[in-house]
Amino acid sequence: MQHSKVFMKKTKRGSILKIVREHYLRDDIWCGSSMCNICLHESTPLQANPSSASSVCQSPHYLIVDTNVVLHQMDVLDDEHISNVIILTTVLEEVRRRSTPAYKRIKDLITNPEKHFYTFVNEFHKDTYVERQPKESSNDRNDRAIRQTASWYQSHLNELEDCNTKIVLITNDRANKEKAKEEGITAFTVREYVKGLGIPELLDRLANLDKGSQAHAGDNIQYPEHKSLAEIQRGVKSGRYKQGKFHLSRENYLEANVMVNDDDKDDSNSIFLQGAYSINRSVSGDIVAVEMLPEEEWTCPSSMMLEEEEEEEKADEEIGTEDDLLEKESKAKVRKKIGPKQPTGKVVGIIKRNWRQYCGILQPSVLKRATRHLVIPAEKRIPKIRIETRQAESLVGQRIIVQIDSWPRNSRYPQGHFVRKLGAIGDKETENQVLLLEHDVPHSKFSENVLRCLPSVPWTITEQDLKYREDLRHITVCSVDPPGCTDIDDALHCRNLDNGNLEVGVHIADVSHFIRPNTAIDDEASNRGTTVYLVDKRIDMVPELLSSNLCSLRDDGDRLAFSVLWEMTNDAKIVNTRFTKSCIRSKASLTYAQAQLIIDETSRNDELATSLRGLNRLAKILKQGRIDKGALVLASTEIRFHIDSETHDPIDVETKQLRDTNSMVEEFMLLANISVAEKIKEDFPNCAVLRRHPSPPPSNFDPLIKAAQSKGFQMDINSGKALQVSLNEAVIPDNPYFNTMLRILTTRCMMQALYFCSGMVPESDFGHYGLAAPIYTHFTSPIRRYSDILAHRLLAVAIGQDASYADLLNKKKTHSCCDNLNYRHRMAQYAGRASVALHTQLFFKKRTVDEEAYVLFVRKNAVQVLIPKYGLEGTLYVSKSGEKSEFEFNEENFTQTAHGVTLHTFDPLIVQLSIDASNVQHQKLSIKLVKPVIPGFSVDPAPTEMQVEDGPKQKKLKKI
């Protein structure tokens, strides 16, 4: 059936244009109910005997929900007690436009067969489609469409024999509910319906959307009112307001920056915010509108580091009215350091909220049987969240998840609701869950749709698979990886050619053979972006069947690969490069240590040893060539935990050892990535997936320059090569760790490397500063990085071994994908560091040790130190803010002096390490100064290794 609408439109030139819109309607769209024998069903998700557990509707019933319920009450819909829900396409499309996270969650519920959710295409059904009336708002029209569908459904079910199932409309819109009742539709608010289920825990999950004209007890506050979105848009367009992403400081909760251009985190695009008034209810990640302050009011960040206890105390102080806020902030500027002022502004409105679910703990309440409570989030940059719960007693000592719903201007804290309980504080599995959730790491089980994309097992390589591949199974190929690695992405070989040259091959797992474009497994891998490595587990980007079996280049059979083959001279000059899909058979899966032993064993001269020695010799030449071009050799603190096989707790820790074989593998992976980047850029100049590393602005190097000058060295930062030369020359014979620390500091000065689409960035910005390479990509780890899968697809099309597809050549979609990959990569790094911090706490939980440390940074009230043995960094506080300190801070030379003892950057110290468990939420490594001895700051020596807190008879730890 065809429904047409004709209207006339006047063009800019004055002519009249006749427009005809056609909307096709059908009469054969099924209702989705298992009890229906009228519709010709292909699927019937709705059960024949739906629930009748609610006291407000005791008959069996199906639920129809409106858009706002889906947008704001997903935690209720996600509950196991809610099922048999009809989601209309009117609602689904509006949710898709307004909230991507909510849309994804509702789609997941619809595809979950246990939930019995059904999508009804009401916009194309002849009896449920409604046309928008003159002067009717789109919202009113959609509400009318939902009521029309509810009425049709009830009439349709009434036609069935012996059917007493009702349709219940759930809406929080008072007008919509009243109109529904006038039309004979059973309708309730979410709270009415949930309360009728008699499940108190489910009531806690109701979103708290009260905008709150009534202040909560104890709140003496009035934040500035946010501008309307329309006013913000006009202001941004006129230049009065700046738009950017809000980032709260990790060191001072009253300071923040808004990145106007968030791509490069360039300070020149940053607006500084200071004080609660200027921050104005913004939460990290929000897109905000900022009004610039007059230049005479510009300021700069404090050099103070706030301890967690100080943050808690200051957060609980009365914030007051706007005048109070201004007065307090003006006083706060007295303790600001003298330095260059930064462009400063204040938030006038929120363009897009970045609210999500947060992990935290319940703050103990002094009121018995209280229902309103404060939750202290695990993420220190998130304010406390006010929730209502009736199960507070069972939540004490537990990690919980809450969601922010609103933040009224007269409320000191945002309002939210309880989502679920994770587990006991301090439990390792619970804490792992917390760090994954807090870093937005997708870690749920792979869905049935994803698993259906996997090949059937047992799987074997067929003749069809080999038809367009080069058979390299006769070549001595091997892999070299860390101990325990099961997701082996790469393998190598080196062999002599008849002409005296060498053939070198890098063979990469052909993951793109199994993950085809626009499939469920491709969408999942694209969303996850990367595999996340924690100390004790791995969160795979692709299912284990691929990551640890079919794609992993193990030495237990034939594998499909994508190979880069070079013909090289003996002095590592490349004569020819070619790319091919291949089939290989790895002869050995080696660790770095095993490969090094083979290379060093002079009596061994088999093909494997010869290949490894050839690779190692060429790698050294390639590395020196890169360094000569200006590539940087930097350092970072990496440690390895030894885990007890029974308790899975850390029992020893050591810094990771680097061997020649580490560098050998790295050099050929770099060379493969550069070779592939050149090829895909040549064939796809506008849609190649590349990786760039911007050169740091000179201001980034200020800490490094000052630190080097304190020891009499001058750092030349005019180019990467000049910087590398300066680093090589900065050596103190009596302090062998000095140069390593200098390189660690240099790493901190670097910009973030980024994935990008070649058609969206000027070619002058393609370069990789750290590698001194004009072009670069990621190709060598497709099991654990989605960017590499895209590079594989581009390369396969370029060499004629696979077909292209629309999205691969769409630079806007590629650009959007790269943005997600950059975010996922960054979060994976943070999650990995958090996992190391967690296991560090577990390791030192019952230990107090004295260790050698070095000063990394000197702050106004603290000294940041590095402990080489454990690869740890920590903060040694010399005073609390506002208290008189024995130490005197020299801002020019960055030193702390007390009683004739001066602490400089890079100075060696002896510190005592233990765990401070006084803050249940944030247990942390406590660092106290032992040597040099300063009155009032020295501590007693720690017990020996045998005398840990459990008692003097504990056995000495052994490495395993």
# chains A, B, ... in the order shown; residues from 1 in each chain; ligands from 1

call {"tool": "residues_around", "arguments": {"residues": "stretch 564-574 of chain A", "least_positions_apart": "5", "cutoff": "8 Å", "atoms": "only C-alpha atoms", "output": "list in words"}}
result
Gly500, Asn501, Leu502, Glu503, Val504, Gly505, Val506, His507, Phe579, Thr580, Leu618, Ile621, Leu622 and Ala672 of chain A

call {"tool": "select_by_dssp", "arguments": {"residues": "stretch 538-687 of chain A", "states": "helix (DSSP H, G or I)", "output": "MDAnalysis selection string"}}
result
chainID A and resid 544:550 592:600 607:629 660:683

call {"tool": "residues_around", "arguments": {"residues": "stretch 191-201 of chain A", "least_positions_apart": "2", "cutoff": "8 Å", "atoms": "only C-alpha atoms", "output": "count of residues only"}}
result
14

call {"tool": "select_by_dssp", "arguments": {"residues": "stretch 120-187 of chain A", "states": "strand (DSSP E or B)", "output": "PDB file with C-alpha atoms, in the first residue's frame"}}
result
ATOM      1  CA  PHE A 120       7.589  -4.141  15.760  1.00  0.00           C
ATOM      2  CA  HIS A 125       2.084  -1.224   9.204  1.00  0.00           C
ATOM      3  CA  LYS A 166      -3.080  -7.315  27.869  1.00  0.00           C
ATOM      4  CA  ILE A 167      -0.914  -4.570  26.475  1.00  0.00           C
ATOM      5  CA  VAL A 168       0.670  -2.269  29.085  1.00  0.00           C
ATOM      6  CA  LEU A 169       2.166   1.072  28.037  1.00  0.00           C
ATOM      7  CA  ILE A 170       5.074   2.285  30.192  1.00  0.00           C
ATOM      8  CA  THR A 186      -3.525   0.373  30.325  1.00  0.00           C
ATOM      9  CA  ALA A 187      -0.636   2.695  31.212  1.00  0.00           C
TER      10      ALA A 187
END

call {"tool": "residues_around", "arguments": {"residues": "A:Pro45", "least_positions_apart": "2", "cutoff": "9 Å", "atoms": "only C-alpha atoms", "output": "ChimeraX atom specification"}}
result
/A:32-34,43,47,84,113,115-118

call {"tool": "write_last_selection", "arguments": {"atoms": "N, CA and C atoms", "output": "PDB file, in the first residue's frame"}}
result
ATOM      1  N   GLY A  32       4.619 -10.930  16.422  1.00  0.00           N
ATOM      2  CA  GLY A  32       5.717 -11.485  17.214  1.00  0.00           C
ATOM      3  C   GLY A  32       5.298 -12.322  18.398  1.00  0.00           C
ATOM      4  N   SER A  33       3.985 -12.549  18.589  1.00  0.00           N
ATOM      5  CA  SER A  33       3.507 -13.309  19.740  1.00  0.00           C
ATOM      6  C   SER A  33       3.399 -14.793  19.408  1.00  0.00           C
ATOM      7  N   SER A  34       3.872 -15.635  20.327  1.00  0.00           N
ATOM      8  CA  SER A  34       3.820 -17.085  20.116  1.00  0.00           C
ATOM      9  C   SER A  34       2.399 -17.627  20.133  1.00  0.00           C
ATOM     10  N   SER A  43       9.245 -15.446  13.111  1.00  0.00           N
ATOM     11  CA  SER A  43       9.829 -15.560  14.447  1.00  0.00           C
ATOM     12  C   SER A  43       8.809 -15.059  15.461  1.00  0.00           C
ATOM     13  N   GLN A  47       6.564 -14.472  24.414  1.00  0.00           N
ATOM     14  CA  GLN A  47       6.104 -15.740  24.958  1.00  0.00           C
ATOM     15  C   GLN A  47       4.576 -15.839  24.961  1.00  0.00           C
ATOM     16  N   ASN A  84       9.430  -9.821  27.646  1.00  0.00           N
ATOM     17  CA  ASN A  84       8.263  -9.663  26.773  1.00  0.00           C
ATOM     18  C   ASN A  84       7.937  -8.191  26.556  1.00  0.00           C
ATOM     19  N   PRO A 113      17.873 -13.868  23.116  1.00  0.00           N
ATOM     20  CA  PRO A 113      16.630 -14.674  23.088  1.00  0.00           C
ATOM     21  C   PRO A 113      16.022 -14.876  24.473  1.00  0.00           C
ATOM     22  N   LYS A 115      15.601 -12.644  26.754  1.00  0.00           N
ATOM     23  CA  LYS A 115      14.855 -11.467  27.203  1.00  0.00           C
ATOM     24  C   LYS A 115      13.481 -11.354  26.549  1.00  0.00           C
ATOM     25  N   HIS A 116      13.282 -11.983  25.402  1.00  0.00           N
ATOM     26  CA  HIS A 116      11.997 -11.939  24.695  1.00  0.00           C
ATOM     27  C   HIS A 116      11.574 -10.503  24.370  1.00  0.00           C
ATOM     28  N   PHE A 117      12.506  -9.747  23.797  1.00  0.00           N
ATOM     29  CA  PHE A 117      12.206  -8.403  23.288  1.00  0.00           C
ATOM     30  C   PHE A 117      11.921  -8.531  21.784  1.00  0.00           C
ATOM     31  N   TYR A 118      10.991  -7.737  21.306  1.00  0.00           N
ATOM     32  CA  TYR A 118      10.603  -7.836  19.891  1.00  0.00           C
ATOM     33  C   TYR A 118      10.472  -6.448  19.284  1.00  0.00           C
TER      34      TYR A 118
END

call {"tool": "residues_around", "arguments": {"residues": "stretch 250-257 of chain A", "least_positions_apart": "2", "cutoff": "7 Å", "atoms": "only C-alpha atoms", "output": "ChimeraX atom specification"}}
result
/A:246-248,259,270-276,305-306,381

call {"tool": "residues_around", "arguments": {"residues": "A:Pro703", "least_positions_apart": "5", "cutoff": "9 Å", "atoms": "only C-alpha atoms", "output": "list in words"}}
result
Ala708, Leu745, Thr746, Cys749 and Phe857 of chain A

call {"tool": "write_last_selection", "arguments": {"atoms": "N, CA and C atoms", "output": "mmCIF file, in the first residue's frame"}}
result
data_model
loop_
_atom_site.group_PDB
_atom_site.id
_atom_site.type_symbol
_atom_site.label_atom_id
_atom_site.label_comp_id
_atom_site.auth_asym_id
_atom_site.auth_seq_id
_atom_site.Cartn_x
_atom_site.Cartn_y
_atom_site.Cartn_z
ATOM 1 N N ALA A 708 68.152 18.050 33.038
ATOM 2 C CA ALA A 708 69.501 17.809 32.525
ATOM 3 C C ALA A 708 70.456 18.921 32.953
ATOM 4 N N LEU A 745 62.308 10.361 31.272
ATOM 5 C CA LEU A 745 61.762 11.722 31.244
ATOM 6 C C LEU A 745 61.465 12.153 29.817
ATOM 7 N N THR A 746 62.345 11.769 28.887
ATOM 8 C CA THR A 746 62.126 12.119 27.479
ATOM 9 C C THR A 746 60.852 11.472 26.955
ATOM 10 N N CYS A 749 57.841 13.456 27.560
ATOM 11 C CA CYS A 749 57.701 14.681 26.763
ATOM 12 C C CYS A 749 57.013 14.424 25.426
ATOM 13 N N PHE A 857 60.881 13.863 39.710
ATOM 14 C CA PHE A 857 60.378 15.230 39.658
ATOM 15 C C PHE A 857 60.351 15.801 41.071
#

call {"tool": "atom_distance", "arguments": {"atom1": "atom CA of A:Val797", "atom2": "atom CA of A:Ser586"}}
result
26.1 Å

call {"tool": "residues_around", "arguments": {"residues": "A:Glu678", "least_positions_apart": "5", "cutoff": "9 Å", "atoms": "only C-alpha atoms", "output": "short mmCIF file (atom, residue, chain, number, x, y, z; two decimals) with C-alpha atoms, in the first residue's frame"}}
result
data_model
loop_
_atom_site.label_atom_id
_atom_site.label_comp_id
_atom_site.auth_asym_id
_atom_site.auth_seq_id
_atom_site.Cartn_x
_atom_site.Cartn_y
_atom_site.Cartn_z
CA ASN A 673 55.12 -1.75 8.93
CA ASP A 683 47.54 2.51 -3.99
CA ILE A 775 55.29 7.08 6.89
CA TYR A 776 54.21 4.24 9.15
CA THR A 777 51.32 1.87 9.86
#

call {"tool": "closest_residue", "arguments": {"among": "A:Tyr755, A:Phe779, A:Phe713, A:Tyr103", "to": "A:Arg826", "atoms": "only C-alpha atoms"}}
result
A:Tyr755

call {"tool": "closest_atom_pairs", "arguments": {"of": "stretch 496-577 of chain A", "to": "stretch 418-442 of chain A", "cutoff": "10 Å", "atoms": "only C-alpha atoms", "output": "CSV"}}
result
residue,atom,partner,partner_atom,distance
A:Glu524,CA,A:Pro442,CA,9.5
A:Asn527,CA,A:Pro442,CA,8.3
A:Arg528,CA,A:Pro442,CA,6.1
A:Gly529,CA,A:Pro442,CA,9.5
A:Thr530,CA,A:Val441,CA,9.5
A:Thr531,CA,A:Val441,CA,9.4
A:Val532,CA,A:Val441,CA,7.8
A:Leu534,CA,A:Asn432,CA,8.7
A:Val535,CA,A:Asn432,CA,9.9
A:Asp536,CA,A:Asn432,CA,9.4
A:Lys537,CA,A:Asn432,CA,9.4
A:Ile539,CA,A:Pro442,CA,8.3
A:Asp540,CA,A:Pro442,CA,9.5
A:Met541,CA,A:Pro442,CA,9.0

call {"tool": "write_last_selection", "arguments": {"atoms": "N, CA and C atoms", "output": "PDB file, in the first residue's frame"}}
result
ATOM      1  N   GLU A 524      32.348  -6.550  16.108  1.00  0.00           N
ATOM      2  CA  GLU A 524      32.818  -6.701  17.492  1.00  0.00           C
ATOM      3  C   GLU A 524      34.308  -6.361  17.602  1.00  0.00           C
ATOM      4  N   ASN A 527      34.810  -2.628  17.341  1.00  0.00           N
ATOM      5  CA  ASN A 527      34.433  -1.921  18.568  1.00  0.00           C
ATOM      6  C   ASN A 527      35.477  -2.113  19.667  1.00  0.00           C
ATOM      7  N   ARG A 528      35.944  -3.341  19.851  1.00  0.00           N
ATOM      8  CA  ARG A 528      36.945  -3.608  20.896  1.00  0.00           C
ATOM      9  C   ARG A 528      38.281  -2.951  20.559  1.00  0.00           C
ATOM     10  N   GLY A 529      38.644  -2.981  19.293  1.00  0.00           N
ATOM     11  CA  GLY A 529      39.812  -2.238  18.825  1.00  0.00           C
ATOM     12  C   GLY A 529      41.145  -2.868  19.108  1.00  0.00           C
ATOM     13  N   THR A 530      41.292  -3.486  20.286  1.00  0.00           N
ATOM     14  CA  THR A 530      42.588  -4.031  20.681  1.00  0.00           C
ATOM     15  C   THR A 530      42.399  -5.076  21.764  1.00  0.00           C
ATOM     16  N   THR A 531      43.340  -5.993  21.850  1.00  0.00           N
ATOM     17  CA  THR A 531      43.404  -6.903  22.989  1.00  0.00           C
ATOM     18  C   THR A 531      44.003  -6.156  24.169  1.00  0.00           C
ATOM     19  N   VAL A 532      43.464  -6.388  25.353  1.00  0.00           N
ATOM     20  CA  VAL A 532      43.935  -5.702  26.562  1.00  0.00           C
ATOM     21  C   VAL A 532      44.680  -6.703  27.431  1.00  0.00           C
ATOM     22  N   LEU A 534      46.294  -7.564  30.925  1.00  0.00           N
ATOM     23  CA  LEU A 534      46.434  -7.309  32.351  1.00  0.00           C
ATOM     24  C   LEU A 534      47.531  -8.228  32.893  1.00  0.00           C
ATOM     25  N   VAL A 535      47.902  -8.040  34.131  1.00  0.00           N
ATOM     26  CA  VAL A 535      48.973  -8.852  34.704  1.00  0.00           C
ATOM     27  C   VAL A 535      48.606 -10.331  34.702  1.00  0.00           C
ATOM     28  N   ASP A 536      47.355 -10.644  35.026  1.00  0.00           N
ATOM     29  CA  ASP A 536      46.962 -12.039  35.217  1.00  0.00           C
ATOM     30  C   ASP A 536      45.946 -12.543  34.208  1.00  0.00           C
ATOM     31  N   LYS A 537      45.605 -11.733  33.222  1.00  0.00           N
ATOM     32  CA  LYS A 537      44.652 -12.207  32.217  1.00  0.00           C
ATOM     33  C   LYS A 537      44.756 -11.360  30.952  1.00  0.00           C
ATOM     34  N   ILE A 539      42.243  -9.837  27.752  1.00  0.00           N
ATOM     35  CA  ILE A 539      40.896  -9.611  27.216  1.00  0.00           C
ATOM     36  C   ILE A 539      41.029  -9.567  25.699  1.00  0.00           C
ATOM     37  N   ASP A 540      40.623 -10.654  25.050  1.00  0.00           N
ATOM     38  CA  ASP A 540      40.873 -10.806  23.614  1.00  0.00           C
ATOM     39  C   ASP A 540      39.998  -9.901  22.765  1.00  0.00           C
ATOM     40  N   MET A 541      40.564  -9.458  21.645  1.00  0.00           N
ATOM     41  CA  MET A 541      39.791  -8.713  20.663  1.00  0.00           C
ATOM     42  C   MET A 541      38.930  -9.653  19.827  1.00  0.00           C
TER      43      MET A 541
END

call {"tool": "closest_residue", "arguments": {"among": "A:Ala520, A:Leu690, A:Val633, A:Ile799", "to": "A:Thr747", "atoms": "only C-alpha atoms"}}
result
A:Val633

call {"tool": "atom_distance", "arguments": {"atom1": "atom CA of A:Ser249", "atom2": "atom CA of A:Met741"}}
result
24.8 Å

call {"tool": "atom_distance", "arguments": {"atom1": "atom CA of A:Pro408", "atom2": "atom CA of A:Tyr223"}}
result
8.6 Å
